[in-house]
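Student: Dropping in data.txt, with compact mmCIF, C-alpha atoms.
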# COMPACT_ATOMS: atom_id res chain seq x y z
CA MET A 52 9.68 41.57 -3.82
CA GLN A 53 9.74 44.86 -5.68
CA ARG A 54 6.35 45.98 -6.94
CA LEU A 55 5.60 48.09 -9.98
CA ASN A 56 2.14 49.49 -10.58
CA ARG A 57 0.73 50.11 -14.03
CA ARG A 58 1.57 53.83 -14.05
CA ASP A 59 5.21 53.10 -13.14
CA PHE A 60 5.34 50.31 -15.72
CA LEU A 61 4.15 52.58 -18.49
CA ARG A 62 6.52 55.37 -17.46
CA ARG A 63 9.48 52.98 -17.33
CA ALA A 64 8.56 51.44 -20.67
CA GLY A 65 8.55 54.81 -22.40
CA GLY A 66 5.06 56.24 -22.22
CA LEU A 67 1.70 55.44 -23.73
CA ALA A 68 2.05 57.07 -27.10
CA GLY A 69 5.48 55.67 -27.90
CA LEU A 70 4.41 52.11 -27.18
CA GLY A 71 1.06 52.16 -28.91
CA LEU A 72 -0.81 51.49 -25.69
CA VAL A 73 -4.17 53.07 -25.05
CA SER A 74 -4.66 54.83 -21.73
CA CYS A 75 -6.98 53.00 -19.35
CA ARG A 76 -8.94 56.23 -19.04
CA ASP A 77 -9.87 55.92 -22.72
CA ILE A 78 -10.98 52.28 -22.45
CA VAL A 79 -14.68 51.54 -22.27
CA GLY A 80 -16.53 48.28 -22.70
CA PRO A 81 -15.81 44.66 -21.71
CA GLU A 82 -13.77 44.09 -24.88
CA ASP A 83 -10.92 46.23 -23.59
CA SER A 84 -8.10 45.17 -21.26
CA PRO A 85 -5.27 46.67 -19.19
CA GLY A 86 -2.73 46.19 -21.98
CA VAL A 87 -4.80 46.88 -25.09
CA LEU A 88 -2.75 47.95 -28.13
CA THR A 89 -3.72 50.19 -31.01
CA PRO A 90 -4.51 48.36 -34.29
CA ALA A 91 -1.40 47.13 -36.09
CA VAL A 92 -0.24 49.26 -39.02
CA ARG A 93 1.91 46.40 -40.27
CA PRO A 94 0.79 42.98 -39.00
CA LEU A 95 3.69 40.71 -38.07
CA ARG A 96 4.15 36.99 -37.70
CA VAL A 97 5.11 36.41 -34.08
CA VAL A 98 6.11 33.21 -32.31
CA VAL A 99 5.95 33.30 -28.51
CA ILE A 100 8.03 30.74 -26.62
CA GLY A 101 6.29 29.82 -23.38
CA ALA A 102 2.65 29.92 -22.29
CA GLY A 103 3.19 31.30 -18.83
CA MET A 104 1.54 34.54 -17.81
CA SER A 105 3.98 36.79 -19.68
CA GLY A 106 3.72 34.83 -22.93
CA LEU A 107 -0.06 34.55 -22.75
CA ALA A 108 -0.60 38.24 -22.00
CA ALA A 109 1.73 39.30 -24.81
CA ALA A 110 0.17 36.91 -27.30
CA TYR A 111 -3.35 37.96 -26.35
CA GLU A 112 -2.72 41.65 -26.92
CA LEU A 113 -0.71 41.11 -30.10
CA VAL A 114 -3.50 38.99 -31.59
CA ARG A 115 -6.10 41.58 -30.68
CA ALA A 116 -3.96 44.24 -32.37
CA GLY A 117 -3.98 42.21 -35.59
CA HIS A 118 -0.72 40.25 -35.51
CA ASP A 119 -0.42 36.58 -36.51
CA VAL A 120 0.71 34.83 -33.32
CA THR A 121 1.66 31.27 -32.42
CA VAL A 122 2.48 30.27 -28.83
CA LEU A 123 4.75 27.24 -28.31
CA GLU A 124 4.60 25.65 -24.85
CA ALA A 125 6.80 22.78 -23.67
CA ARG A 126 4.34 21.55 -21.05
CA ASN A 127 0.98 19.98 -21.74
CA ARG A 128 -0.72 22.86 -19.92
CA VAL A 129 -0.60 26.64 -19.88
CA GLY A 130 0.17 28.88 -16.91
CA GLY A 131 3.82 28.18 -16.16
CA ARG A 132 4.24 28.69 -12.43
CA VAL A 133 0.51 29.21 -12.04
CA LEU A 134 -0.61 25.71 -11.07
CA THR A 135 -3.84 24.81 -9.26
CA LEU A 136 -4.05 21.27 -7.82
CA ARG A 137 -7.44 19.58 -7.63
CA SER A 138 -6.24 16.05 -6.95
CA PRO A 139 -6.09 14.20 -4.58
CA PHE A 140 -8.59 16.48 -2.87
CA ALA A 141 -12.33 16.30 -2.26
CA PRO A 142 -14.61 17.31 -5.16
CA GLY A 143 -14.69 21.09 -5.47
CA HIS A 144 -11.56 21.56 -3.39
CA SER A 145 -8.26 22.87 -4.72
CA ALA A 146 -4.97 24.36 -3.60
CA GLU A 147 -2.33 26.47 -5.29
CA ALA A 148 1.11 25.02 -5.97
CA GLY A 149 2.21 28.35 -7.45
CA ALA A 150 0.74 31.84 -7.73
CA ALA A 151 -2.07 32.19 -5.21
CA ARG A 152 -2.51 35.73 -3.94
CA ILE A 153 -2.92 39.09 -5.64
CA PRO A 154 -2.02 42.27 -3.72
CA PRO A 155 -4.48 45.15 -3.98
CA ASP A 156 -2.07 47.30 -6.03
CA HIS A 157 -1.38 44.68 -8.71
CA ASP A 158 -3.71 46.26 -11.19
CA LEU A 159 -2.62 44.24 -14.23
CA ALA A 160 -3.46 40.88 -12.63
CA LEU A 161 -6.64 42.31 -11.16
CA GLY A 162 -7.52 44.03 -14.43
CA TYR A 163 -7.23 40.88 -16.52
CA ALA A 164 -9.17 38.86 -13.96
CA ARG A 165 -12.00 41.36 -14.27
CA HIS A 166 -11.55 41.57 -18.03
CA PHE A 167 -12.28 37.85 -18.29
CA GLY A 168 -15.13 37.99 -15.80
CA LEU A 169 -13.35 36.06 -13.04
CA GLU A 170 -14.61 36.60 -9.52
CA LEU A 171 -12.24 37.53 -6.71
CA ASP A 172 -12.43 36.52 -3.06
CA PRO A 173 -10.41 37.43 0.05
CA LEU A 174 -7.39 35.18 0.49
CA TYR A 175 -7.47 35.24 4.29
CA PRO A 176 -10.44 34.54 6.57
CA ASP A 177 -11.57 37.46 8.71
CA GLY A 178 -12.53 35.23 11.63
CA GLY A 179 -11.01 32.57 13.84
CA LEU A 180 -7.56 32.49 15.37
CA TYR A 181 -4.31 32.58 13.44
CA LEU A 182 -1.47 30.41 14.67
CA GLN A 183 1.89 32.04 15.34
CA VAL A 184 4.95 30.09 16.46
CA ARG A 185 8.07 32.08 17.35
CA SER A 186 11.17 30.70 19.06
CA GLY A 187 9.12 27.65 19.97
CA ASP A 188 6.40 29.67 21.69
CA ILE A 189 2.86 29.12 20.40
CA ALA A 190 0.42 32.02 20.24
CA PHE A 191 -3.09 32.40 18.89
CA VAL A 192 -3.70 35.72 17.18
CA PRO A 193 -7.18 37.18 16.55
CA ALA A 194 -7.94 37.77 12.89
CA PRO A 195 -8.03 41.60 13.07
CA SER A 196 -4.52 41.72 14.57
CA PHE A 197 -3.07 39.26 12.06
CA LEU A 198 -4.68 40.94 9.07
CA SER A 199 -3.71 44.46 10.14
CA GLU A 200 -0.08 43.60 9.32
CA ARG A 201 -0.78 42.24 5.83
CA PRO A 202 -2.07 43.55 2.51
CA ALA A 203 -5.67 42.80 1.61
CA TYR A 204 -4.73 39.94 -0.69
CA VAL A 205 -7.38 38.43 -2.94
CA LYS A 206 -7.54 35.18 -4.88
CA ILE A 207 -9.30 34.06 -8.04
CA ARG A 208 -12.42 32.13 -7.19
CA GLY A 209 -12.13 28.55 -8.39
CA GLY A 210 -8.34 28.63 -8.74
CA SER A 211 -5.56 30.85 -10.05
CA ASP A 212 -5.32 28.69 -13.17
CA ARG A 213 -8.60 30.13 -14.37
CA LEU A 214 -6.69 33.23 -15.49
CA PRO A 215 -4.23 31.48 -17.84
CA ALA A 216 -7.10 29.23 -18.94
CA ALA A 217 -9.05 32.34 -19.97
CA PHE A 218 -6.12 33.59 -22.05
CA ARG A 219 -5.78 30.18 -23.68
CA ALA A 220 -9.49 29.99 -24.48
CA ALA A 221 -9.25 33.37 -26.19
CA LEU A 222 -6.14 32.36 -28.15
CA GLY A 223 -7.58 28.99 -29.17
CA GLU A 224 -5.50 26.89 -31.56
CA ARG A 225 -2.76 29.51 -31.62
CA VAL A 226 -1.43 27.82 -28.46
CA VAL A 227 0.51 24.63 -29.23
CA LEU A 228 1.19 22.46 -26.18
CA GLY A 229 3.86 19.81 -25.77
CA SER A 230 6.18 21.64 -28.14
CA PRO A 231 9.51 22.52 -26.48
CA VAL A 232 11.73 24.72 -28.62
CA THR A 233 15.28 23.51 -29.33
CA ASP A 234 16.65 26.09 -31.80
CA ILE A 235 16.09 29.75 -32.66
CA ALA A 236 17.96 31.14 -35.67
CA ALA A 237 17.67 34.92 -35.90
CA GLY A 238 17.33 36.16 -39.45
CA THR A 239 14.79 37.33 -41.98
CA PRO A 240 12.71 35.39 -41.18
CA VAL A 241 13.46 33.97 -37.73
CA ARG A 242 13.43 30.17 -37.75
CA ILE A 243 12.16 28.37 -34.66
CA THR A 244 12.57 24.60 -34.39
CA SER A 245 10.74 22.48 -31.83
CA LEU A 246 11.63 19.07 -30.45
CA ASP A 247 9.43 17.27 -32.95
CA GLY A 248 11.58 18.69 -35.75
CA ARG A 249 9.00 21.15 -37.03
CA THR A 250 10.33 24.58 -38.03
CA ARG A 251 8.23 27.72 -37.96
CA GLU A 252 9.07 31.14 -39.34
CA SER A 253 8.35 34.53 -37.83
CA ASP A 254 9.13 38.20 -38.18
CA ARG A 255 9.57 38.49 -34.42
CA THR A 256 10.07 35.92 -31.67
CA LEU A 257 9.33 36.46 -27.98
CA VAL A 258 11.18 34.21 -25.50
CA THR A 259 9.53 34.05 -22.08
CA VAL A 260 11.14 30.96 -20.51
CA PRO A 261 12.86 31.29 -17.11
CA VAL A 262 16.58 32.06 -17.22
CA PRO A 263 17.63 28.56 -16.01
CA LEU A 264 15.97 27.08 -19.12
CA LEU A 265 17.49 29.40 -21.72
CA SER A 266 20.45 27.04 -22.05
CA ARG A 267 18.12 24.36 -23.45
CA ILE A 268 17.65 26.47 -26.58
CA ARG A 269 20.39 26.82 -29.19
CA PHE A 270 20.46 30.45 -30.32
CA SER A 271 22.08 31.42 -33.59
CA PRO A 272 23.84 33.76 -33.31
CA ALA A 273 24.67 33.19 -29.65
CA LEU A 274 23.04 35.46 -27.12
CA SER A 275 24.90 38.39 -25.56
CA ALA A 276 27.61 37.84 -22.97
CA ALA A 277 25.28 39.09 -20.21
CA LYS A 278 22.50 36.66 -21.12
CA THR A 279 25.02 33.84 -21.44
CA GLU A 280 26.37 34.62 -17.96
CA ALA A 281 22.85 34.72 -16.50
CA MET A 282 21.70 31.44 -18.06
CA GLY A 283 24.92 29.76 -16.94
CA GLY A 284 23.93 30.26 -13.31
CA GLY A 285 24.82 33.92 -12.86
CA PHE A 286 21.27 35.04 -12.04
CA ARG A 287 19.99 33.71 -8.73
CA TYR A 288 16.59 32.08 -8.31
CA GLN A 289 14.65 31.20 -5.16
CA SER A 290 13.55 27.73 -4.06
CA ALA A 291 9.95 27.11 -2.96
CA THR A 292 8.07 23.94 -2.12
CA ARG A 293 4.53 23.31 -0.92
CA VAL A 294 3.25 20.21 0.83
CA PHE A 295 -0.52 19.63 0.91
CA VAL A 296 -2.42 17.41 3.33
CA ARG A 297 -6.04 16.42 2.86
CA PHE A 298 -7.77 15.94 6.20
CA ARG A 299 -11.01 14.00 6.75
CA THR A 300 -12.14 16.61 9.26
CA ARG A 301 -11.21 20.21 10.04
CA PHE A 302 -10.15 19.25 13.55
CA TRP A 303 -8.32 22.56 14.10
CA GLU A 304 -11.62 24.43 14.06
CA ASP A 305 -12.58 22.67 17.32
CA GLU A 306 -9.91 24.84 18.96
CA GLY A 307 -11.09 28.03 17.27
CA LEU A 308 -8.24 28.00 14.73
CA ASN A 309 -8.89 28.97 11.11
CA GLY A 310 -5.98 26.91 9.73
CA TRP A 311 -3.71 29.83 8.84
CA GLY A 312 -0.55 31.13 10.42
CA THR A 313 3.23 31.35 10.45
CA THR A 314 5.87 29.33 12.26
CA ASP A 315 9.57 29.51 12.96
CA TRP A 316 10.36 26.51 10.77
CA PRO A 317 10.02 28.95 8.91
CA GLU A 318 6.81 28.43 6.97
CA GLU A 319 3.45 29.85 6.07
CA LEU A 320 0.52 27.65 7.03
CA TRP A 321 -2.49 27.97 4.73
CA HIS A 322 -6.01 26.57 4.75
CA PRO A 323 -7.13 27.11 1.13
CA THR A 324 -10.53 25.48 1.71
CA TRP A 325 -11.53 27.77 4.57
CA ASP A 326 -14.38 29.29 2.54
CA LEU A 327 -15.56 26.03 0.93
CA PRO A 328 -18.02 23.44 2.28
CA GLY A 329 -16.63 20.73 4.58
CA PRO A 330 -16.28 18.48 6.42
CA GLU A 331 -12.92 17.83 4.71
CA GLY A 332 -10.20 20.43 4.50
CA ILE A 333 -6.71 21.03 3.15
CA LEU A 334 -3.75 22.44 5.03
CA LEU A 335 -0.52 23.28 3.26
CA THR A 336 2.93 24.34 4.26
CA TYR A 337 4.68 26.92 2.10
CA VAL A 338 8.45 26.91 2.59
CA ARG A 339 11.29 28.59 0.74
CA GLY A 340 15.05 28.56 0.55
CA THR A 341 16.94 26.10 2.74
CA ARG A 342 13.80 24.50 4.17
CA ALA A 343 12.47 23.87 0.67
CA ASP A 344 15.80 22.35 -0.34
CA GLU A 345 15.69 20.04 2.70
CA LEU A 346 12.24 18.76 1.76
CA ASP A 347 13.23 18.35 -1.88
CA VAL A 348 15.75 15.61 -1.13
CA LEU A 349 12.88 13.46 0.22
CA ASP A 350 10.40 11.48 -1.83
CA GLU A 351 6.75 12.54 -1.73
CA THR A 352 5.70 10.20 1.09
CA ALA A 353 8.63 11.26 3.23
CA ARG A 354 7.90 14.94 2.57
CA VAL A 355 4.34 14.57 3.80
CA ASP A 356 5.47 12.57 6.84
CA ARG A 357 8.13 15.17 7.66
CA VAL A 358 5.59 18.00 7.56
CA LEU A 359 3.06 16.08 9.65
CA SER A 360 5.72 15.33 12.25
CA HIS A 361 6.52 19.03 12.39
CA TRP A 362 2.84 20.02 12.64
CA GLU A 363 2.30 17.72 15.61
CA ARG A 364 4.16 20.32 17.70
CA PHE A 365 1.29 22.78 17.44
CA LEU A 366 -1.54 20.71 15.91
CA PRO A 367 -1.39 17.61 18.12
CA GLY A 368 -3.17 14.60 16.69
CA ALA A 369 -3.05 15.90 13.12
CA SER A 370 -1.73 12.61 11.73
CA SER A 371 -4.83 10.73 12.91
CA HIS A 372 -7.07 12.83 10.63
CA VAL A 373 -5.08 12.47 7.39
CA ALA A 374 -6.76 11.23 4.22
CA SER A 375 -3.85 11.79 1.79
CA GLY A 376 -1.01 14.14 0.94
CA THR A 377 0.91 15.48 -2.00
CA SER A 378 3.55 18.13 -2.75
CA HIS A 379 5.07 20.29 -5.45
CA SER A 380 8.69 21.42 -5.74
CA TRP A 381 9.46 24.08 -8.34
CA GLN A 382 13.12 23.09 -8.25
CA ARG A 383 12.18 19.58 -9.38
CA ASP A 384 9.80 20.87 -12.05
CA SER A 385 11.75 20.23 -15.25
CA TRP A 386 10.23 23.25 -17.05
CA SER A 387 10.87 25.71 -14.21
CA ARG A 388 13.87 24.53 -12.15
CA ALA A 389 13.12 27.21 -9.55
CA ALA A 390 10.28 29.26 -8.10
CA TRP A 391 11.10 32.85 -9.05
CA ALA A 392 14.04 35.11 -9.82
CA GLU A 393 15.78 36.61 -6.81
CA PRO A 394 19.08 38.02 -8.07
CA THR A 395 21.70 39.52 -5.81
CA PRO A 396 21.93 43.33 -5.92
CA ALA A 397 24.98 43.06 -8.16
CA GLN A 398 23.24 40.61 -10.51
CA ASP A 399 20.19 42.83 -10.62
CA ARG A 400 22.28 45.88 -11.41
CA GLU A 401 24.50 44.25 -14.01
CA LEU A 402 22.25 41.68 -15.71
CA ALA A 403 18.53 42.45 -15.29
CA GLY A 404 18.47 45.26 -17.84
CA GLU A 405 20.49 43.19 -20.30
CA LEU A 406 18.09 40.26 -19.95
CA ALA A 407 15.27 42.51 -21.13
CA MET A 408 17.12 43.84 -24.18
CA PRO A 409 16.00 42.54 -27.60
CA GLU A 410 18.62 40.93 -29.80
CA GLY A 411 17.62 41.74 -33.35
CA PRO A 412 14.18 40.20 -33.96
CA ILE A 413 14.33 38.23 -30.69
CA HIS A 414 12.56 39.76 -27.68
CA PHE A 415 12.51 38.64 -24.06
CA ALA A 416 9.99 38.69 -21.22
CA GLY A 417 9.21 36.97 -17.92
CA GLU A 418 8.79 37.73 -14.24
CA HIS A 419 12.58 37.73 -13.89
CA ILE A 420 12.79 41.01 -15.82
CA SER A 421 9.87 42.79 -14.23
CA GLY A 422 9.22 45.17 -11.39
CA ALA A 423 7.33 42.50 -9.44
CA ARG A 424 9.38 39.31 -9.48
CA GLY A 425 7.57 36.25 -8.22
CA TRP A 426 4.10 37.63 -8.95
CA MET A 427 1.62 37.20 -11.79
CA ASN A 428 1.56 40.97 -12.08
CA GLY A 429 5.26 41.04 -12.83
CA ALA A 430 4.98 38.39 -15.51
CA ILE A 431 2.07 40.21 -17.16
CA GLU A 432 3.86 43.55 -16.95
CA SER A 433 6.92 42.09 -18.67
CA GLY A 434 4.82 40.44 -21.36
CA LEU A 435 3.03 43.69 -22.12
CA ARG A 436 6.32 45.55 -22.34
CA ALA A 437 7.62 43.04 -24.87
CA ALA A 438 4.33 43.07 -26.81
CA ALA A 439 4.58 46.86 -27.05
CA GLU A 440 8.18 46.57 -28.32
CA ILE A 441 7.12 44.17 -31.03
CA HIS A 442 4.02 46.14 -31.93
CA SER A 443 5.83 49.45 -32.26
CA GLY A 444 8.82 48.03 -34.14
Output the file's structure as structure tokens, nothing else.
Tutor:
Amino acid sequence: MQRLNRRDFLRRAGGLAGLGLVSCRDIVGPEDSPGVLTPAVRPLRVVVIGAGMSGLAAAYELVRAGHDVTVLEARNRVGGRVLTLRSPFAPGHSAEAGAARIPPDHDLALGYARHFGLELDPLYPDGGLYLQVRSGDIAFVPAPSFLSERPAYVKIRGGSDRLPAAFRAALGERVVLGSPVTDIAAGTPVRITSLDGRTRESDRTLVTVPVPLLSRIRFSPALSAAKTEAMGGGFRYQSATRVFVRFRTRFWEDEGLNGWGTTDWPEELWHPTWDLPGPEGILLTYVRGTRADELDVLDETARVDRVLSHWERFLPGASSHVASGTSHSWQRDSWSRAAWAEPTPAQDRELAGELAMPEGPIHFAGEHISGARGWMNGAIESGLRAAAEIHSG
């Protein structure tokens, strides 16, 4: 995944002064944030479609700059592909179905976490043995060796969903849940109609939904040929599925394992409760692409059974410790339809820039048109770019 730090983001977007952004060096005090905007000269009515990370970040900064903002979200929760599961796990335990880790150079995600007073913890344990299965051979890797090949990822203490929840708390009643948008008519004003038949008016509208969902909205006039091609399937997305198993005991620790590793399935094996009190624990498999598609054709019970059968190869006896299991497929999530954008080089070259282009008073954002696709940082970066466009226009 391509990464874009804040300096590169600002340079690509056109510079600090032109966008109305204040340099981080000039920011002091807890009231400021990584994407703070100068006060609005002409406050605008703005409707943001989608309460994922890009929509929330854009709305937050536009409101703080003095604009009148409403956020319409189809789901009954905020966060988009940031989803923390707390059921069916032990009290105080959770696992991430979506965004989980923050690289050390993702300063927008880190900056907003700190801005809202959220505590950060290491993602990986620095002790115990990591499991590594390659070509059927099982190896146990000491923590220093395993970690030396990976970035120093961190996680948000208490769950990644605490970040979108903080944005929502700040935005208050400006966020309207359970309100999927069906029609957007560009004009003066823009008219936005939701499924319940209610029409809202705005000076600017920001659309942050994933490309596969753009076709659910009727745009008048129709979107550009490039956007139409992309939303018709011309912009590739990646599959990702996670299966979670709640264990009555952390039996793997008896063998010195910390519950983390990689296998040739291929998969990442995570133990998200490694730093929480036991005796129970959660293990999850994180698979992408073809393996995710294979699991997705199964029902939930069969998915869990399939993963447990696979784990028995290197965690013998695992099935005898199971309390329950669950899973999440982003392909089967009706308001995502995929995990993250992963266009081919040709699609990236020909369509990505066009997807970011405003069409009259309609602006666009999302991780799919960012420098860090598949990451919270990318979604935030894209939202701030669009907020700056709106603010300066």
Student: Counting only C-alpha atoms, which residues of range 206-325 of chain A sit at most 12 Å from some atom of range 102-118 of chain A, and what is each one's closest atom pair with its distance in Å to one decimal, listed by chain and rising residue number, as JSON lines?
Tutor:
{"residue": "A:Ser211", "atom": "CA", "partner": "A:Met104", "partner_atom": "CA", "distance": 11.1}
{"residue": "A:Asp212", "atom": "CA", "partner": "A:Met104", "partner_atom": "CA", "distance": 10.1}
{"residue": "A:Arg213", "atom": "CA", "partner": "A:Met104", "partner_atom": "CA", "distance": 11.6}
{"residue": "A:Leu214", "atom": "CA", "partner": "A:Met104", "partner_atom": "CA", "distance": 8.7}
{"residue": "A:Pro215", "atom": "CA", "partner": "A:Met104", "partner_atom": "CA", "distance": 6.5}
{"residue": "A:Ala216", "atom": "CA", "partner": "A:Leu107", "partner_atom": "CA", "distance": 9.6}
{"residue": "A:Ala217", "atom": "CA", "partner": "A:Leu107", "partner_atom": "CA", "distance": 9.7}
{"residue": "A:Phe218", "atom": "CA", "partner": "A:Leu107", "partner_atom": "CA", "distance": 6.2}
{"residue": "A:Arg219", "atom": "CA", "partner": "A:Leu107", "partner_atom": "CA", "distance": 7.3}
{"residue": "A:Ala220", "atom": "CA", "partner": "A:Tyr111", "partner_atom": "CA", "distance": 10.2}
{"residue": "A:Ala221", "atom": "CA", "partner": "A:Tyr111", "partner_atom": "CA", "distance": 7.5}
{"residue": "A:Leu222", "atom": "CA", "partner": "A:Tyr111", "partner_atom": "CA", "distance": 6.5}
{"residue": "A:Gly223", "atom": "CA", "partner": "A:Tyr111", "partner_atom": "CA", "distance": 10.3}
{"residue": "A:Arg225", "atom": "CA", "partner": "A:Ala110", "partner_atom": "CA", "distance": 9.1}
{"residue": "A:Val226", "atom": "CA", "partner": "A:Ala102", "partner_atom": "CA", "distance": 7.7}
{"residue": "A:Val227", "atom": "CA", "partner": "A:Ala102", "partner_atom": "CA", "distance": 9.0}
{"residue": "A:Leu228", "atom": "CA", "partner": "A:Ala102", "partner_atom": "CA", "distance": 8.5}
{"residue": "A:Gly229", "atom": "CA", "partner": "A:Ala102", "partner_atom": "CA", "distance": 10.8}
{"residue": "A:Ser230", "atom": "CA", "partner": "A:Ala102", "partner_atom": "CA", "distance": 10.7}
{"residue": "A:Pro231", "atom": "CA", "partner": "A:Ala102", "partner_atom": "CA", "distance": 10.9}
{"residue": "A:Ser253", "atom": "CA", "partner": "A:His118", "partner_atom": "CA", "distance": 11.0}
{"residue": "A:Asp254", "atom": "CA", "partner": "A:His118", "partner_atom": "CA", "distance": 10.4}
{"residue": "A:Arg255", "atom": "CA", "partner": "A:His118", "partner_atom": "CA", "distance": 10.5}
{"residue": "A:Thr256", "atom": "CA", "partner": "A:Gly106", "partner_atom": "CA", "distance": 10.9}
{"residue": "A:Leu257", "atom": "CA", "partner": "A:Gly106", "partner_atom": "CA", "distance": 7.7}
{"residue": "A:Val258", "atom": "CA", "partner": "A:Gly106", "partner_atom": "CA", "distance": 7.9}
{"residue": "A:Thr259", "atom": "CA", "partner": "A:Gly106", "partner_atom": "CA", "distance": 5.9}
{"residue": "A:Val260", "atom": "CA", "partner": "A:Gly103", "partner_atom": "CA", "distance": 8.1}
{"residue": "A:Pro261", "atom": "CA", "partner": "A:Gly103", "partner_atom": "CA", "distance": 9.8}
Student: What is the CA of Leu265 in chain A-CA of Asp247 in chain A distance in Å, reported with one decimal?
Tutor: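 Computing it gives 18.4 Å between the two atoms.
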Student: Report as a tab-separated table (two decimals) with C-alpha atoms, in the frame of the given file all protein, DNA and RNA residues lying within 12 Å of range 355-367 of chain A, evaluated on all atoms listed in the file, omitting residues in the same chain fewer than 5 positions from it.
Tutor:
chain	number	residue	atom	x	y	z
A	181	TYR	CA	-4.31	32.58	13.44
A	182	LEU	CA	-1.47	30.41	14.67
A	183	GLN	CA	1.89	32.04	15.34
A	184	VAL	CA	4.95	30.09	16.46
A	185	ARG	CA	8.07	32.08	17.35
A	187	GLY	CA	9.12	27.65	19.97
A	188	ASP	CA	6.40	29.67	21.69
A	189	ILE	CA	2.86	29.12	20.40
A	190	ALA	CA	0.42	32.02	20.24
A	191	PHE	CA	-3.09	32.40	18.89
A	292	THR	CA	8.07	23.94	-2.12
A	293	ARG	CA	4.53	23.31	-0.92
A	294	VAL	CA	3.25	20.21	0.83
A	295	PHE	CA	-0.52	19.63	0.91
A	296	VAL	CA	-2.42	17.41	3.33
A	297	ARG	CA	-6.04	16.42	2.86
A	298	PHE	CA	-7.77	15.94	6.20
A	301	ARG	CA	-11.21	20.21	10.04
A	302	PHE	CA	-10.15	19.25	13.55
A	303	TRP	CA	-8.32	22.56	14.10
A	304	GLU	CA	-11.62	24.43	14.06
A	305	ASP	CA	-12.58	22.67	17.32
A	306	GLU	CA	-9.91	24.84	18.96
A	308	LEU	CA	-8.24	28.00	14.73
A	310	GLY	CA	-5.98	26.91	9.73
A	311	TRP	CA	-3.71	29.83	8.84
A	312	GLY	CA	-0.55	31.13	10.42
A	313	THR	CA	3.23	31.35	10.45
A	314	THR	CA	5.87	29.33	12.26
A	315	ASP	CA	9.57	29.51	12.96
A	316	TRP	CA	10.36	26.51	10.77
A	317	PRO	CA	10.02	28.95	8.91
A	318	GLU	CA	6.81	28.43	6.97
A	319	GLU	CA	3.45	29.85	6.07
A	320	LEU	CA	0.52	27.65	7.03
A	334	LEU	CA	-3.75	22.44	5.03
A	335	LEU	CA	-0.52	23.28	3.26
A	336	THR	CA	2.93	24.34	4.26
A	337	TYR	CA	4.68	26.92	2.10
A	338	VAL	CA	8.45	26.91	2.59
A	342	ARG	CA	13.80	24.50	4.17
A	343	ALA	CA	12.47	23.87	0.67
A	345	GLU	CA	15.69	20.04	2.70
A	346	LEU	CA	12.24	18.76	1.76
A	347	ASP	CA	13.23	18.35	-1.88
A	348	VAL	CA	15.75	15.61	-1.13
A	349	LEU	CA	12.88	13.46	0.22
A	350	ASP	CA	10.40	11.48	-1.83
A	372	HIS	CA	-7.07	12.83	10.63
A	373	VAL	CA	-5.08	12.47	7.39
A	374	ALA	CA	-6.76	11.23	4.22
A	375	SER	CA	-3.85	11.79	1.79
A	376	GLY	CA	-1.01	14.14	0.94
A	377	THR	CA	0.91	15.48	-2.00
A	378	SER	CA	3.55	18.13	-2.75
A	379	HIS	CA	5.07	20.29	-5.45
Student: Range 199-203 of chain A: which residues within 7 Å, counting only C-alpha atoms, same-chain residues fewer than 3 positions away excluded, as a JSON list (two decimals) with C-alpha atoms, in the coordinates of the input?
Tutor:
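Just written: result_33.json:
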[["chain", "number", "residue", "atom", "x", "y", "z"],
["A", 154, "PRO", "CA", -2.02, 42.27, -3.72],
["A", 155, "PRO", "CA", -4.48, 45.15, -3.98],
["A", 195, "PRO", "CA", -8.03, 41.60, 13.07],
["A", 196, "SER", "CA", -4.52, 41.72, 14.57]]
Student: Calculate, to one decimal in Å, the centre and edge lengths of the box along x, y and z of the file that holds all listed atoms of range 296-300 of chain A with 3 Å of margin on each side, and present them as JSON.
Tutor:
{"center_x": -7.3, "center_y": 15.7, "center_z": 6.1, "size_x": 15.7, "size_y": 9.4, "size_z": 12.4}
Student: So, with only C-alpha atoms as the atoms that count, which of A:Glu170, A:Thr89, A:Pro412, A:Gly283 lies closest to Thr239 in chain A?
Tutor: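 Smallest distance to Thr239 in chain A is found for A:Pro412.
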Student: Identify which of the residues A:Leu198, A:Arg165, A:Pro176, A:Ser290 lies closest to Asp384 in chain A, counting all atoms listed in the file when measuring atom-to-atom distances.
Tutor: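 Counting all atoms listed in the file, the residue closest to Asp384 in chain A is A:Ser290.
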Student: Find the distance between CA of Lys206 in chain A and CA of Arg126 in chain A and write it in Å to one decimal.
Tutor: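 Calculated distance between CA of Lys206 in chain A and CA of Arg126 in chain A is 24.3 Å.
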Student: Between CA of Ala291 in chain A and CA of Gly149 in chain A, what is the distance in Å, rounded to a tenth?
Tutor: 9.0 Å
Student: Of the residues A:Ser186, A:Asp156, A:Val192, A:Ala91, which is the one nearest to Tyr204 in chain A, using all atoms listed in the file?
Tutor: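 Distance minimum relative to Tyr204 in chain A lands on A:Asp156.
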Student: For a quick check of your reading of the model, name the residues lying within 9 Å of the coordinate (16.5, 26.3, -13.1), counting all atoms listed in the file, and write them as a PyMOL selection string.
Tutor: chain A and resi 261-264+282+284+288+381-390
Student: List as a count of residues only: which residues have an atom within 10 Å of (7.4, 38.6, -10.1), counting all atoms listed in the file?
Tutor: 26
Student: Which of these, A:Gly332, A:Pro139, A:Gly86, A:Gly434, has the shortest distance to His414 in chain A once you count only C-alpha atoms?
Tutor: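 Ranking A:Gly332, A:Pro139, A:Gly86, A:Gly434 by distance to His414 in chain A, first place goes to A:Gly434.
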